[in-house]
Each structure stands twice: as C-alpha cells, then as structure tokens.
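upload-v9.cif (mmCIF, C-alpha atoms and all ligand atoms)
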data_input
loop_
_atom_site.label_atom_id
_atom_site.label_comp_id
_atom_site.auth_asym_id
_atom_site.auth_seq_id
_atom_site.Cartn_x
_atom_site.Cartn_y
_atom_site.Cartn_z
CA MET A 48 125.65 91.86 158.41
CA LYS A 49 124.84 94.16 155.50
CA GLU A 50 126.86 93.59 152.35
CA ARG A 51 129.93 95.77 152.40
CA ILE A 52 132.49 96.97 149.92
CA ILE A 53 135.92 97.63 151.42
CA LEU A 54 138.97 99.12 149.76
CA HIS A 55 142.53 98.63 150.97
CA TYR A 56 145.35 100.74 149.60
CA ASP A 57 149.08 100.27 150.16
CA MET A 58 151.78 102.54 148.73
CA ASP A 59 154.40 100.79 146.60
CA ALA A 60 157.91 100.61 148.13
CA PHE A 61 156.83 103.67 150.09
CA TYR A 62 160.05 105.25 151.45
CA ALA A 63 162.03 104.25 148.35
CA SER A 64 159.41 105.70 146.01
CA VAL A 65 159.44 109.02 147.86
CA GLU A 66 163.24 109.16 147.48
CA ALA A 67 163.11 108.25 143.77
CA ARG A 68 160.41 110.84 143.17
CA ASP A 69 162.61 113.56 144.67
CA ASN A 70 165.85 112.46 142.99
CA HIS A 71 165.47 111.39 139.37
CA THR A 72 168.91 109.78 139.28
CA LEU A 73 167.51 107.04 141.56
CA LYS A 74 164.65 106.16 139.22
CA GLY A 75 164.72 102.59 137.93
CA LYS A 76 167.82 101.72 140.00
CA PRO A 77 168.26 99.04 142.65
CA MET A 78 168.04 101.16 145.77
CA VAL A 79 167.25 100.82 149.45
CA VAL A 80 166.40 103.27 152.21
CA GLY A 81 168.14 102.64 155.49
CA GLY A 82 171.13 103.02 157.78
CA SER A 83 172.63 99.68 158.68
CA ILE A 84 169.27 97.94 158.35
CA ILE A 85 167.03 98.29 155.30
CA THR A 86 163.60 99.85 155.83
CA THR A 87 162.49 99.11 152.30
CA ALA A 88 163.88 98.28 148.86
CA SER A 89 162.91 99.54 145.42
CA TYR A 90 161.32 96.89 143.21
CA GLU A 91 164.52 96.82 141.13
CA ALA A 92 166.49 95.87 144.27
CA ARG A 93 163.91 93.26 145.22
CA LYS A 94 164.78 91.37 142.02
CA PHE A 95 168.11 90.58 143.70
CA GLY A 96 166.40 89.26 146.82
CA VAL A 97 166.92 92.45 148.81
CA ARG A 98 164.21 92.92 151.45
CA SER A 99 163.00 95.06 154.37
CA ALA A 100 164.77 94.40 157.70
CA MET A 101 167.86 92.96 155.94
CA PRO A 102 171.29 94.35 156.96
CA VAL A 103 172.71 96.60 154.21
CA MET A 104 175.96 94.58 154.29
CA GLU A 105 174.10 91.43 153.37
CA ALA A 106 172.14 93.21 150.65
CA ARG A 107 175.32 94.50 149.04
CA LYS A 108 176.48 90.92 148.61
CA LEU A 109 173.27 90.11 146.74
CA CYS A 110 173.37 93.33 144.70
CA PRO A 111 176.82 94.98 144.37
CA ASN A 112 175.44 98.09 142.60
CA LEU A 113 172.97 98.78 145.36
CA ILE A 114 172.37 102.47 146.15
CA VAL A 115 171.73 103.19 149.82
CA VAL A 116 169.76 106.34 150.70
CA PRO A 117 169.50 107.52 154.32
CA VAL A 118 166.12 107.61 156.06
CA SER A 119 164.26 110.96 156.09
CA MET A 120 161.39 110.09 158.37
CA GLY A 121 159.98 113.63 158.51
CA LYS A 122 159.54 113.63 154.75
CA TYR A 123 157.69 110.28 154.70
CA LEU A 124 155.40 111.37 157.50
CA GLU A 125 154.58 114.53 155.60
CA VAL A 126 153.74 112.56 152.46
CA SER A 127 151.78 110.10 154.57
CA GLN A 128 149.67 112.94 155.98
CA LYS A 129 149.06 114.28 152.49
CA ILE A 130 147.82 110.87 151.35
CA LYS A 131 145.56 110.59 154.40
CA ASN A 132 144.07 114.02 153.67
CA LEU A 133 143.32 112.93 150.10
CA VAL A 134 141.70 109.66 151.13
CA ILE A 135 139.53 111.23 153.80
CA ARG A 136 138.08 113.56 151.17
CA LEU A 137 136.33 110.54 149.64
CA THR A 138 134.60 109.49 152.83
CA GLU A 139 135.16 109.77 156.57
CA LYS A 140 134.95 105.96 156.84
CA VAL A 141 138.70 105.45 156.74
CA GLU A 142 140.97 103.48 159.07
CA PHE A 143 144.64 104.24 158.58
CA ILE A 144 146.67 101.27 159.77
CA ALA A 145 150.17 102.42 158.87
CA SER A 146 151.88 105.40 157.30
CA ASP A 147 151.28 104.00 153.83
CA GLU A 148 148.13 101.90 154.06
CA GLY A 149 144.53 102.03 155.09
CA TYR A 150 141.06 100.58 154.81
CA VAL A 151 138.16 102.55 153.38
CA ASP A 152 134.54 101.46 153.68
CA ILE A 153 133.27 102.46 150.25
CA SER A 154 129.88 100.70 150.48
CA GLU A 155 128.07 104.03 150.15
CA VAL A 156 130.43 106.24 148.17
CA ILE A 157 130.87 103.62 145.42
CA LYS A 158 127.24 104.13 144.39
CA LYS A 159 128.27 107.40 142.76
CA TYR A 160 130.66 105.58 140.41
CA PRO A 161 130.00 103.28 137.46
CA SER A 162 132.00 100.30 138.79
CA LYS A 163 134.56 99.01 141.29
CA GLU A 164 137.21 98.96 138.53
CA TYR A 165 136.52 102.58 137.72
CA PHE A 166 136.74 103.53 141.41
CA ALA A 167 140.03 101.68 141.92
CA LYS A 168 141.63 103.41 138.91
CA ARG A 169 140.29 106.79 139.94
CA PHE A 170 141.70 106.27 143.44
CA GLN A 171 145.15 105.41 142.11
CA ARG A 172 145.15 108.29 139.65
CA GLY A 173 144.12 110.73 142.40
CA ILE A 174 146.99 109.65 144.64
CA TYR A 175 149.47 109.76 141.77
CA LYS A 176 148.43 113.19 140.53
CA ASN A 177 148.72 114.70 143.99
CA THR A 178 151.82 112.94 145.32
CA GLY A 179 153.67 111.55 142.30
CA LEU A 180 153.55 108.10 143.93
CA THR A 181 151.91 104.84 142.97
CA CYS A 182 149.84 102.62 145.20
CA SER A 183 148.24 99.21 144.95
CA VAL A 184 144.52 98.90 145.56
CA GLY A 185 142.34 95.99 146.59
CA ILE A 186 138.57 95.98 146.71
CA GLY A 187 136.85 93.20 148.58
CA TYR A 188 133.71 92.35 150.52
CA ASN A 189 135.52 92.62 153.88
CA LYS A 190 138.89 93.75 155.27
CA LEU A 191 140.64 90.43 154.74
CA SER A 192 139.69 90.11 151.07
CA ALA A 193 140.51 93.80 150.42
CA LYS A 194 143.94 93.45 152.01
CA ILE A 195 144.87 90.35 150.06
CA ALA A 196 143.49 91.92 146.88
CA SER A 197 145.78 94.95 147.25
CA ASP A 198 148.77 92.62 147.38
CA ALA A 199 147.67 90.59 144.37
CA LYS A 200 148.83 93.02 141.67
CA LYS A 201 151.67 94.85 143.39
CA PRO A 202 153.17 97.26 142.38
CA GLY A 203 150.75 99.71 140.84
CA GLY A 204 147.88 97.35 140.10
CA TYR A 205 144.45 96.72 141.50
CA HIS A 206 142.43 93.58 142.12
CA ILE A 207 138.82 92.96 143.05
CA PHE A 208 137.12 90.15 144.97
CA ASN A 209 133.37 90.42 144.58
CA ASN A 210 132.50 87.51 146.87
CA SER A 211 133.95 84.69 148.95
CA LYS A 212 133.92 82.27 146.01
CA GLU A 213 136.27 84.46 144.00
CA PHE A 214 138.40 84.91 147.09
CA ILE A 215 138.64 81.20 147.91
CA ASP A 216 139.46 80.37 144.28
CA TYR A 217 142.37 82.78 144.54
CA ILE A 218 143.82 81.82 147.94
CA SER A 219 143.17 78.09 148.24
CA GLY A 220 146.35 77.12 146.36
CA LYS A 221 148.53 79.81 148.00
CA ASN A 222 150.94 79.45 150.90
CA ILE A 223 149.15 79.81 154.25
CA LYS A 224 151.30 82.87 155.07
CA ILE A 225 149.20 84.85 152.59
CA ILE A 226 146.73 85.28 155.45
CA PRO A 227 147.79 88.44 157.32
CA GLY A 228 148.47 87.43 160.91
CA VAL A 229 149.99 84.06 160.06
CA GLY A 230 153.59 84.70 161.07
CA LYS A 231 156.67 82.49 161.23
CA LYS A 232 155.85 80.89 164.61
CA PHE A 233 152.30 80.04 163.66
CA GLN A 234 153.55 78.61 160.35
CA GLU A 235 155.80 76.19 162.25
CA LEU A 236 152.84 74.94 164.29
CA LEU A 237 150.78 74.60 161.13
CA ALA A 238 153.54 72.62 159.42
CA GLU A 239 153.34 70.06 162.24
CA LYS A 240 149.77 69.36 161.11
CA ASN A 241 150.81 69.33 157.47
CA ILE A 242 149.15 72.65 156.79
CA PHE A 243 151.22 74.51 154.19
CA LEU A 244 148.66 75.83 151.75
CA VAL A 245 145.37 77.52 152.55
CA ARG A 246 143.46 74.55 151.17
CA ASP A 247 145.16 72.23 153.68
CA VAL A 248 143.03 73.96 156.34
CA TYR A 249 139.85 72.73 154.63
CA GLY A 250 140.63 69.18 155.73
CA PHE A 251 139.97 70.09 159.37
CA SER A 252 136.82 70.98 161.26
CA LEU A 253 136.58 74.13 163.36
CA TYR A 254 136.58 71.92 166.43
CA GLU A 255 139.85 70.24 165.40
CA LEU A 256 141.55 73.53 164.60
CA ILE A 257 140.56 74.92 168.02
CA SER A 258 141.88 71.82 169.74
CA PHE A 259 145.21 72.14 167.86
CA PHE A 260 145.82 75.87 168.10
CA GLY A 261 143.52 77.26 170.80
CA LYS A 262 140.22 79.07 170.47
CA SER A 263 141.29 82.40 169.02
CA ARG A 264 143.88 81.08 166.56
CA GLY A 265 141.73 78.11 165.57
CA GLU A 266 138.74 80.30 164.81
CA PHE A 267 140.89 82.88 163.05
CA LEU A 268 142.37 80.24 160.76
CA TYR A 269 139.07 78.51 160.04
CA PHE A 270 137.15 81.67 159.13
CA SER A 271 140.03 83.44 157.34
CA SER A 272 140.66 80.48 155.07
CA LEU A 273 136.98 80.65 154.09
CA GLY A 274 137.27 84.40 153.46
CA GLU A 275 135.10 85.35 156.42
CA ASP A 276 135.98 88.45 158.39
CA ASN A 277 133.50 90.63 160.25
CA ARG A 278 135.90 93.32 161.46
CA ARG A 279 134.59 96.80 160.81
CA VAL A 280 136.52 99.67 159.31
CA ASP A 281 137.24 101.51 162.54
CA TYR A 282 136.82 105.19 161.78
CA LYS A 283 136.16 108.11 164.05
CA LYS A 284 132.67 109.34 163.45
CA LYS A 285 132.51 113.07 162.90
CA ILE A 286 130.14 114.66 165.37
CA HIS A 287 128.23 117.54 163.87
CA SER A 288 126.44 118.68 167.00
CA ILE A 289 125.72 117.71 170.56
CA GLY A 290 122.26 118.30 171.93
CA ASN A 291 119.68 117.34 174.51
CA GLU A 292 115.96 117.94 174.65
CA ASN A 293 113.13 117.37 177.08
CA THR A 294 109.46 116.86 176.38
CA PHE A 295 107.12 117.90 179.16
CA LYS A 296 104.06 115.90 179.98
CA PHE A 297 102.67 118.96 181.68
CA PRO A 298 103.53 121.92 179.46
CA LEU A 299 105.56 124.67 181.12
CA GLU A 300 103.85 127.91 181.81
CA SER A 301 106.04 130.32 183.76
CA GLU A 302 109.23 131.85 182.45
CA ILE A 303 111.01 130.86 185.65
CA GLU A 304 110.17 127.21 185.04
CA ILE A 305 111.32 127.49 181.42
CA LYS A 306 114.59 129.09 182.46
CA ARG A 307 115.26 126.42 185.07
CA GLU A 308 114.55 123.56 182.65
CA LEU A 309 116.68 125.16 179.95
CA GLU A 310 119.60 125.48 182.33
CA SER A 311 119.36 121.86 183.37
CA ILE A 312 119.28 120.73 179.70
CA PHE A 313 122.19 123.02 178.95
CA TYR A 314 124.31 121.57 181.78
CA LYS A 315 123.82 118.06 180.42
CA THR A 316 124.82 119.11 176.91
CA HIS A 317 127.76 121.15 178.14
CA GLU A 318 129.04 118.22 180.16
CA ARG A 319 129.01 116.06 177.01
CA LEU A 320 130.96 118.75 175.16
CA LEU A 321 133.65 118.77 177.84
CA LYS A 322 133.79 115.00 178.07
CA LYS A 323 134.49 114.73 174.36
CA GLY A 324 137.15 117.43 174.59
CA LEU A 325 135.34 119.59 172.05
CA LEU A 326 134.85 123.28 171.47
CA CYS A 327 131.79 124.78 169.83
CA LYS A 328 130.88 127.91 167.99
CA THR A 329 127.13 127.85 167.69
CA LEU A 330 124.37 127.41 170.18
CA THR A 331 120.81 126.57 169.21
CA LEU A 332 117.70 126.78 171.32
CA LYS A 333 114.65 124.81 170.26
CA ILE A 334 111.15 125.32 171.56
CA ARG A 335 107.97 123.45 170.75
CA PHE A 336 104.75 125.05 171.89
CA GLU A 337 101.57 123.41 172.99
CA ASN A 338 100.08 123.76 169.48
CA ARG A 339 103.12 121.81 168.09
CA LYS A 340 104.59 124.90 166.46
CA THR A 341 108.39 124.60 166.74
CA ILE A 342 110.86 127.45 166.62
CA THR A 343 114.67 127.59 166.86
CA ARG A 344 116.97 130.45 167.78
CA SER A 345 120.69 130.23 166.99
CA LYS A 346 123.71 132.28 167.81
CA THR A 347 127.16 131.91 166.29
CA LEU A 348 129.99 133.08 168.51
CA GLU A 349 133.14 134.80 167.34
CA ASN A 350 135.45 132.06 168.67
CA LEU A 351 135.32 128.37 169.42
CA VAL A 352 134.63 127.99 173.12
CA ASP A 353 133.73 125.52 175.80
CA SER A 354 133.23 128.06 178.56
CA LYS A 355 130.11 127.37 180.59
CA GLU A 356 129.68 131.03 181.40
CA ILE A 357 129.84 132.29 177.82
CA LEU A 358 127.53 129.59 176.55
CA LEU A 359 125.02 130.02 179.34
CA ASN A 360 124.96 133.79 178.79
CA THR A 361 124.37 133.18 175.11
CA LEU A 362 121.56 130.77 175.87
CA GLU A 363 119.95 133.29 178.22
CA SER A 364 120.08 136.08 175.69
CA LEU A 365 118.57 133.79 173.04
CA ASN A 366 115.87 132.80 175.47
CA GLU A 367 115.06 136.42 176.24
CA SER A 368 114.39 137.04 172.56
CA VAL A 369 111.59 134.45 172.51
CA ASP A 370 108.02 135.58 172.85
CA TYR A 371 106.37 133.03 175.16
CA ASN A 372 102.69 133.52 174.47
CA MET A 373 101.82 129.86 174.75
CA ARG A 374 102.69 126.95 177.00
CA VAL A 375 105.86 125.03 176.17
CA LYS A 376 105.81 121.31 175.33
CA LEU A 377 109.50 120.76 174.51
CA LEU A 378 112.82 122.48 175.08
CA GLY A 379 116.15 121.62 173.48
CA VAL A 380 119.69 122.96 173.46
CA SER A 381 122.36 122.00 170.99
CA LEU A 382 125.97 123.00 170.45
CA GLY A 383 127.32 122.96 166.90
CA THR A 384 130.27 123.87 164.65
CA LEU A 385 132.42 121.59 166.76
CA ALA A 386 136.19 121.22 166.77
CA GLN A 387 138.66 119.17 168.77
CA LYS A 388 140.27 121.21 171.49
CA SER A 389 143.83 120.46 170.38
CA VAL A 390 143.36 121.63 166.82
CA ARG A 391 141.53 124.85 167.43
CA GLN A 392 141.54 126.96 164.30
CA LEU A 393 142.75 130.49 164.63
CA SER A 394 140.22 133.17 163.82
CA PHE A 395 141.09 135.59 161.03
CA SER A 396 142.10 138.32 163.44
CA GLU A 397 144.33 135.87 165.34
CA ARG A 398 145.93 134.65 162.13
CA GLY A 399 146.76 138.27 161.29
CA LEU A 400 148.31 138.66 164.69
CA PHE A 401 150.45 135.59 164.36
CA ARG A 402 151.93 137.06 161.19
CA LYS A 403 153.07 140.23 162.97
CA LYS A 404 156.17 138.68 164.43
CA ASN A 405 157.29 141.76 166.36
CA ASN A 406 154.06 142.32 168.13
CA LEU A 407 154.80 139.86 170.91
CA ASP A 408 153.06 141.66 173.73
CA LEU A 409 149.88 142.02 171.76
CA LEU A 410 150.06 138.35 170.92
CA LYS A 411 150.50 137.31 174.54
CA GLU A 412 147.58 139.48 175.53
CA LYS A 413 145.41 137.91 172.89
CA ILE A 414 146.34 134.37 173.96
CA LYS A 415 145.53 135.23 177.56
CA LYS A 416 142.14 136.47 176.47
CA ILE A 417 141.44 133.33 174.45
CA GLU A 418 142.50 131.10 177.36
CA GLY A 419 140.27 133.12 179.64
CA ASN A 420 137.37 132.49 177.31
CA ASN A 421 137.83 128.76 177.40
P1 LIG A 501 155.33 98.21 153.47
O1 LIG A 501 154.03 98.69 152.94
O2 LIG A 501 155.38 96.90 154.17
O3 LIG A 501 156.40 98.13 152.30
P2 LIG A 501 156.64 99.10 151.11
O4 LIG A 501 155.59 100.14 150.99
O5 LIG A 501 158.02 99.61 151.19
O6 LIG A 501 156.57 98.12 149.86
P3 LIG A 501 155.30 97.39 149.22
O7 LIG A 501 154.11 97.83 150.00
O8 LIG A 501 155.27 97.86 147.81
O9 LIG A 501 155.58 95.94 149.35
O10 LIG A 501 155.93 99.27 154.48
C1 LIG A 501 155.76 100.67 154.31
C2 LIG A 501 157.00 101.41 154.77
O11 LIG A 501 157.29 101.11 156.12
C3 LIG A 501 158.23 101.05 154.00
O12 LIG A 501 158.39 101.83 152.81
C4 LIG A 501 159.32 101.30 155.00
C5 LIG A 501 158.69 101.06 156.35
N1 LIG A 501 159.15 99.75 156.88
C6 LIG A 501 160.23 99.70 157.77
O13 LIG A 501 160.76 100.74 158.14
N2 LIG A 501 160.64 98.47 158.21
C7 LIG A 501 160.10 97.29 157.81
O14 LIG A 501 160.53 96.20 158.23
C8 LIG A 501 158.98 97.34 156.90
C9 LIG A 501 158.33 96.08 156.43
C10 LIG A 501 158.55 98.59 156.47
MG MG A 502 153.55 99.65 151.10
#
Could you write out this structure as structure tokens?
Ligand code: TTP
Ligand code: MG
Amino acid sequence: MKERIILHYDMDAFYASVEARDNHTLKGKPMVVGGSIITTASYEARKFGVRSAMPVMEARKLCPNLIVVPVSMGKYLEVSQKIKNLVIRLTEKVEFIASDEGYVDISEVIKKYPSKEYFAKRFQRGIYKNTGLTCSVGIGYNKLSAKIASDAKKPGGYHIFNNSKEFIDYISGKNIKIIPGVGKKFQELLAEKNIFLVRDVYGFSLYELISFFGKSRGEFLYFSSLGEDNRRVDYKKKIHSIGNENTFKFPLESEIEIKRELESIFYKTHERLLKKGLLCKTLTLKIRFENRKTITRSKTLENLVDSKEILLNTLESLNESVDYNMRVKLLGVSLGTLAQKSVRQLSFSERGLFRKKNNLDLLKEKIKKIEGNN
C-alpha cells in the first residue's frame, strides 16, 4: 500500500465547549451538559472525576459546584455541520465518524504545506476562527495512529506519528485500552492472559492470539499493537460526469446508423444517471471522425434534470448541428454538472419565487412544472 498521511480531528469537550462559547459566564467553570445523565463534562469538571455517561446526581457528589446545562442537540448538530463544511473544503477525502470527529486523508493536500506541524496548526486555527471552538489533531501514517495521536495532547494540542516505530514507542507502555475497539469485556479476557499493557501483547504470536480470542479479535490485537492498520478513509467520491462511448471497427456512414448508435449510448448513460440518483445540467456529444479529428458539442440546460425525454431531445438537437462529411469512428455521450436528487439547488428564478411568500399559486405551478421536467 502506498504511504499515506492521515489526520484525525476531535473537538474538545464538544457540547460543553459550544455552551461555554455561547455563555461567557460558563467559561473556566466545572460544567456538564445533560439531563439526568451527563453527555459530556468541561475539562474543569473532569478534574473532579466527572465523566460522560455518569448520572448528574453522582457527579454533584464529586463536584458540589457543578453547573448543569441542558442539552441543545439542534445547536450541536448545526455546529457539527459547520465544522464538516470547513473540513471538506480542504479535500473531499474525509470520513466523518461522529458529530465532532473525522478522518482526513491528507496524503496529497499536505504537499502544498511546509510540514505536518504547520498543517496541524493551520487546521486548528481554521476551526477556531470559524467556530470559536478548539479541537485536538492527530497526524499519523494510518487511521489507528492518527486517532491515538489526536488523543495524545488533548485538549487543544496536536501530535504526529511519522512511522510505526514512533507509534510503538508511544503505545507500548500504555494500558491496552488505548487501542480503540478494546472495550471493557475484551479487557477482562485480556487480563486472564496477563495482558494489561500494549507491550504484553508482544509476548504472543499471532497464532496464539487467534487461538485465545478468535480470528478477528486475535488479528486485530496483533496488528493494532504493532501499529498496523490498512483501513481506508471512506469518503464518497465526487462524480464530475457520467459518460459512455463506443468505438466502431467499421466506421459509421449513414446518419440513421449514427442516430441509432447515439441513442443506444445515451440510454446506457442515462440509466447510470438514474441508478446513482443524480440530476444533470449539461450534455456533451463527442464524435471522432475517420481521420481522427475529434469534436464535441455541449448544451447546458436551464435546470437540473434526469428526464429521458428532455435529454434525448437535447442530444438530437446537438446531433443535428453536426456536419457529417466524413465517416464516424467513435461516438460518446456524457452528462455533467451533476447533483444529488435530494439536494437540488433552486435556480435563480425559483429562489426569487420562494421569497414571494404570497404568491402561492404561482409557486405551486412552478413546482408542478419542475416535477414534470424530472
Ligand atoms: P467525545 O468526543 O467522546 O467527547 P468530548 O468531545 O465531549 O470530549 P473530548 O473529545 O475532549 O474528550 O464525544 C463528543 C460529544 O458526544 C460529546 O461532547 C457529547 C456526546 N456524547 C454523549 O452524548 N454521550 C457520551 O457518552 C459520549 C462519550 C459523548
Ligand atoms: Mg470530542
């Protein structure tokens, strides 16, 4: 596998930090967010032993001056979305794993920056400037090392593991629960084999670990303790266009043949558009003639559509504008300017309409028309 550079970010005391940001009287105080159970505690409250998932009653015994703030989930989700929008501006290779954390494959984008340290600080500053919140950042050579790195200097710090040696030096003396995925139950089983620290795993072979804990857990433990993790950052690839083309062994001569082939290519492409639940706004026709000269003809529609009829009509009118004075070696159709069906952007004229609140009938008419188009 190619060498990778992965970043993991995790907001500090997320819900509590949002509350303290919005109410200055809470700043620097022991505070929790929750109803009867605590969702999270400020770092000041953590000094008293107050933790997530603890009943508030119990926490009050540990910290009599504890301030309890009710949960405002809508607000945290809004902030979470804002953070996601910021992160995705860096690169599309982002996997958000919770409302306040995510992995970013920065193998490519990091090349534009002088160093990993510089990138980590820039990342933190960007989040802080735009949200008023701090996060911890880890940069590693895979997901596991990045995740553990982001925890190493919490809150507000960053840590970097350049390779597995640096990683092993750091974790070997730590409690085995530092490995994400090693929960309470697994820890009990590990204790039976006298495995308490990560380095205790090194005394066993892969074969032994599998025989103790089963194939998946045995392998997981063996490779994790050595800092090996091949999981990819699972991001949704942005599709820029969908297209199909056909090369003809015997070049096409008649316009009827060309039209028939174009339609069959179009149907294939259109089917892919529908399958992916996408809409498109541009259609491009590509033609290569016998002498290898290639031309393209494009049309941008007024709205995003997936209607077979509209697109086929567009293709036909583009095709009619081509001067076929030579035999055709290749035909291609592609659909571009894609958008997911559920998040269709309103056109300018539609946006205007939506502002005119009293013009309901006009609005309904317009929606009907749009639906008809799709
Ligand atoms: P975490 O990232 O686990 O915790 P945190 O951000 O509060 O603190 P830190 O990362 O600095 O250690 O969880 C993110 C949010 O998820 C947290 O603010 C509240 C919510 N949450 C719960 O509602 N219940 C829980 O048991 C946990 C662990 C988190
Ligand atoms: Mg967090």
Inset, instruction - Could you give me the residues within 6 Å of ligand MG 502 (chain A), counting only C-alpha atoms and all ligand atoms, as a ChimeraX atom specification? - result: /A:57-61,147
Kindly export the residues of the current selection with C-alpha atoms, as an mmCIF file, in the coordinates of the input.
data_model
loop_
_atom_site.group_PDB
_atom_site.id
_atom_site.type_symbol
_atom_site.label_atom_id
_atom_site.label_comp_id
_atom_site.auth_asym_id
_atom_site.auth_seq_id
_atom_site.Cartn_x
_atom_site.Cartn_y
_atom_site.Cartn_z
ATOM 1 C CA ASP A 57 149.080 100.270 150.160
ATOM 2 C CA MET A 58 151.780 102.540 148.730
ATOM 3 C CA ASP A 59 154.400 100.790 146.600
ATOM 4 C CA ALA A 60 157.910 100.610 148.130
ATOM 5 C CA PHE A 61 156.830 103.670 150.090
ATOM 6 C CA ASP A 147 151.280 104.000 153.830
#
Box along x, y and z, 5 Å on every side, all listed atoms of ligand LIG 501 (chain A) inside: centre and edge lengths in Å to one decimal, as JSON.
{"center_x": 157.4, "center_y": 98.9, "center_z": 153.0, "size_x": 16.7, "size_y": 15.9, "size_z": 20.4}
Inset, instruction - In the coordinate frame of the file, compute which residues have an atom within 12 Å of (161.2, 111.9, 147.3) when using only C-alpha atoms, and state them as number ranges by chain. - result: A: 60-74, 80, 116-126, 178-180
Inset, instruction - List every protein, DNA or RNA residue with an atom no more than 12 Å from (165.6, 93.1, 144.6) in the file's coordinates, counting all atoms listed in the file, and format the result as a ChimeraX atom specification. - result: /A:60,75-79,85,87-99,101,106-114
Write to file, as an mmCIF file, keeping the file's coordinate frame, the residues of the selection just made, with C-alpha atoms.
data_model
loop_
_atom_site.group_PDB
_atom_site.id
_atom_site.type_symbol
_atom_site.label_atom_id
_atom_site.label_comp_id
_atom_site.auth_asym_id
_atom_site.auth_seq_id
_atom_site.Cartn_x
_atom_site.Cartn_y
_atom_site.Cartn_z
ATOM 1 C CA ALA A 60 157.910 100.610 148.130
ATOM 2 C CA GLY A 75 164.720 102.590 137.930
ATOM 3 C CA LYS A 76 167.820 101.720 140.000
ATOM 4 C CA PRO A 77 168.260 99.040 142.650
ATOM 5 C CA MET A 78 168.040 101.160 145.770
ATOM 6 C CA VAL A 79 167.250 100.820 149.450
ATOM 7 C CA ILE A 85 167.030 98.290 155.300
ATOM 8 C CA THR A 87 162.490 99.110 152.300
ATOM 9 C CA ALA A 88 163.880 98.280 148.860
ATOM 10 C CA SER A 89 162.910 99.540 145.420
ATOM 11 C CA TYR A 90 161.320 96.890 143.210
ATOM 12 C CA GLU A 91 164.520 96.820 141.130
ATOM 13 C CA ALA A 92 166.490 95.870 144.270
ATOM 14 C CA ARG A 93 163.910 93.260 145.220
ATOM 15 C CA LYS A 94 164.780 91.370 142.020
ATOM 16 C CA PHE A 95 168.110 90.580 143.700
ATOM 17 C CA GLY A 96 166.400 89.260 146.820
ATOM 18 C CA VAL A 97 166.920 92.450 148.810
ATOM 19 C CA ARG A 98 164.210 92.920 151.450
ATOM 20 C CA SER A 99 163.000 95.060 154.370
ATOM 21 C CA MET A 101 167.860 92.960 155.940
ATOM 22 C CA ALA A 106 172.140 93.210 150.650
ATOM 23 C CA ARG A 107 175.320 94.500 149.040
ATOM 24 C CA LYS A 108 176.480 90.920 148.610
ATOM 25 C CA LEU A 109 173.270 90.110 146.740
ATOM 26 C CA CYS A 110 173.370 93.330 144.700
ATOM 27 C CA PRO A 111 176.820 94.980 144.370
ATOM 28 C CA ASN A 112 175.440 98.090 142.600
ATOM 29 C CA LEU A 113 172.970 98.780 145.360
ATOM 30 C CA ILE A 114 172.370 102.470 146.150
#
Inset, instruction - Determine, counting only C-alpha atoms, which protein, DNA and RNA residues have an atom within 9 Å of an atom of Gly290 (chain A); residues of the same chain fewer than 2 positions away are not included. Present the result as a VMD selection string. - result: chain A and resid 288 292 312 to 313 315 to 317 319 331 379 to 383
Inset, instruction - Write out as a VMD selection string the residues lying within 7 Å of region 222-226 of chain A, counting only C-alpha atoms and excluding same-chain residues fewer than 3 positions away. - result: chain A and resid 229 to 230 243 to 245
With C-alpha atoms kept, could you save the residues just selected as a PDB file, in the frame of the given file?
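Ended up saving to again02.pdb:
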ATOM      1  CA  VAL A 229     149.990  84.060 160.060  1.00  0.00           C
ATOM      2  CA  GLY A 230     153.590  84.700 161.070  1.00  0.00           C
ATOM      3  CA  PHE A 243     151.220  74.510 154.190  1.00  0.00           C
ATOM      4  CA  LEU A 244     148.660  75.830 151.750  1.00  0.00           C
ATOM      5  CA  VAL A 245     145.370  77.520 152.550  1.00  0.00           C
TER       6      VAL A 245
END
Legend entry - Point-to-point distance from CA of Thr138 (chain A) to atom O6 of ligand LIG 501 (chain A), Å rounded to tenths: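 About the pair CA of Thr138 (chain A) and atom O6 of ligand LIG 501 (chain A): they are 24.9 Å apart.
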Legend entry - Using only C-alpha atoms: which of A:Ile334, A:Val352, A:Ala386, A:Ile53 has the shortest distance to Glu142 (chain A): A:Ile53
Legend entry - Atom pair CA of Gly187 (chain A) / CA of Gly261 (chain A): separation (Å): 28.1 Å
Legend entry - Among the residues A:Ser252, A:Ser263, A:Thr384, A:Ser127, the one that comes closest to ligand LIG 501 (chain A) [using all atoms listed in the file]: A:Ser127
Inset, instruction - May I ask which of the residues A:Ala199, A:Leu299, A:Leu133, A:Ile186 is the closest one to ligand LIG 501 (chain A), counting all atoms listed in the file? - result: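 Closest residue, counting all atoms listed in the file: A:Ala199.
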Inset, instruction - Mind giving me the straight-line distance from CA of Asn338 (chain A) to CA of Asp370 (chain A) in Å, one decimal? - result: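 Calculated distance between CA of Asn338 (chain A) and CA of Asp370 (chain A) is 14.6 Å.
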Legend entry - Proximity to ligand LIG 501 (chain A) - best of A:Ala145, A:Ile242, A:Leu321, A:Leu330, only C-alpha atoms and all ligand atoms: A:Ala145
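In this comparison, which uses only C-alpha atoms and all ligand atoms, the residue of A:Asp198, A:Glu105, A:Glu275, A:Glu304 approaching ligand LIG 501 (chain A) most closely is A:Asp198.
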Inset, instruction - Could you give me, as a VMD selection string, the residues within 12 Å of Ile342 (chain A), counting only C-alpha atoms and dropping anything in the same chain fewer than 3 positions from it? - result: chain A and resid 331 to 339 345 365 to 366 368 to 371 375 to 379
Legend entry - Contacts of Arg279 (chain A) at 9 Å (all atoms listed in the file; same-chain gap of 5+ positions) as a list in words: Asp152, Asn189 and Lys190 of chain A
Legend entry - Best match for closeness to ligand LIG 501 (chain A) among A:Pro202, A:Gly149, A:Gly82, A:Pro161, counting only C-alpha atoms and all ligand atoms: A:Pro202
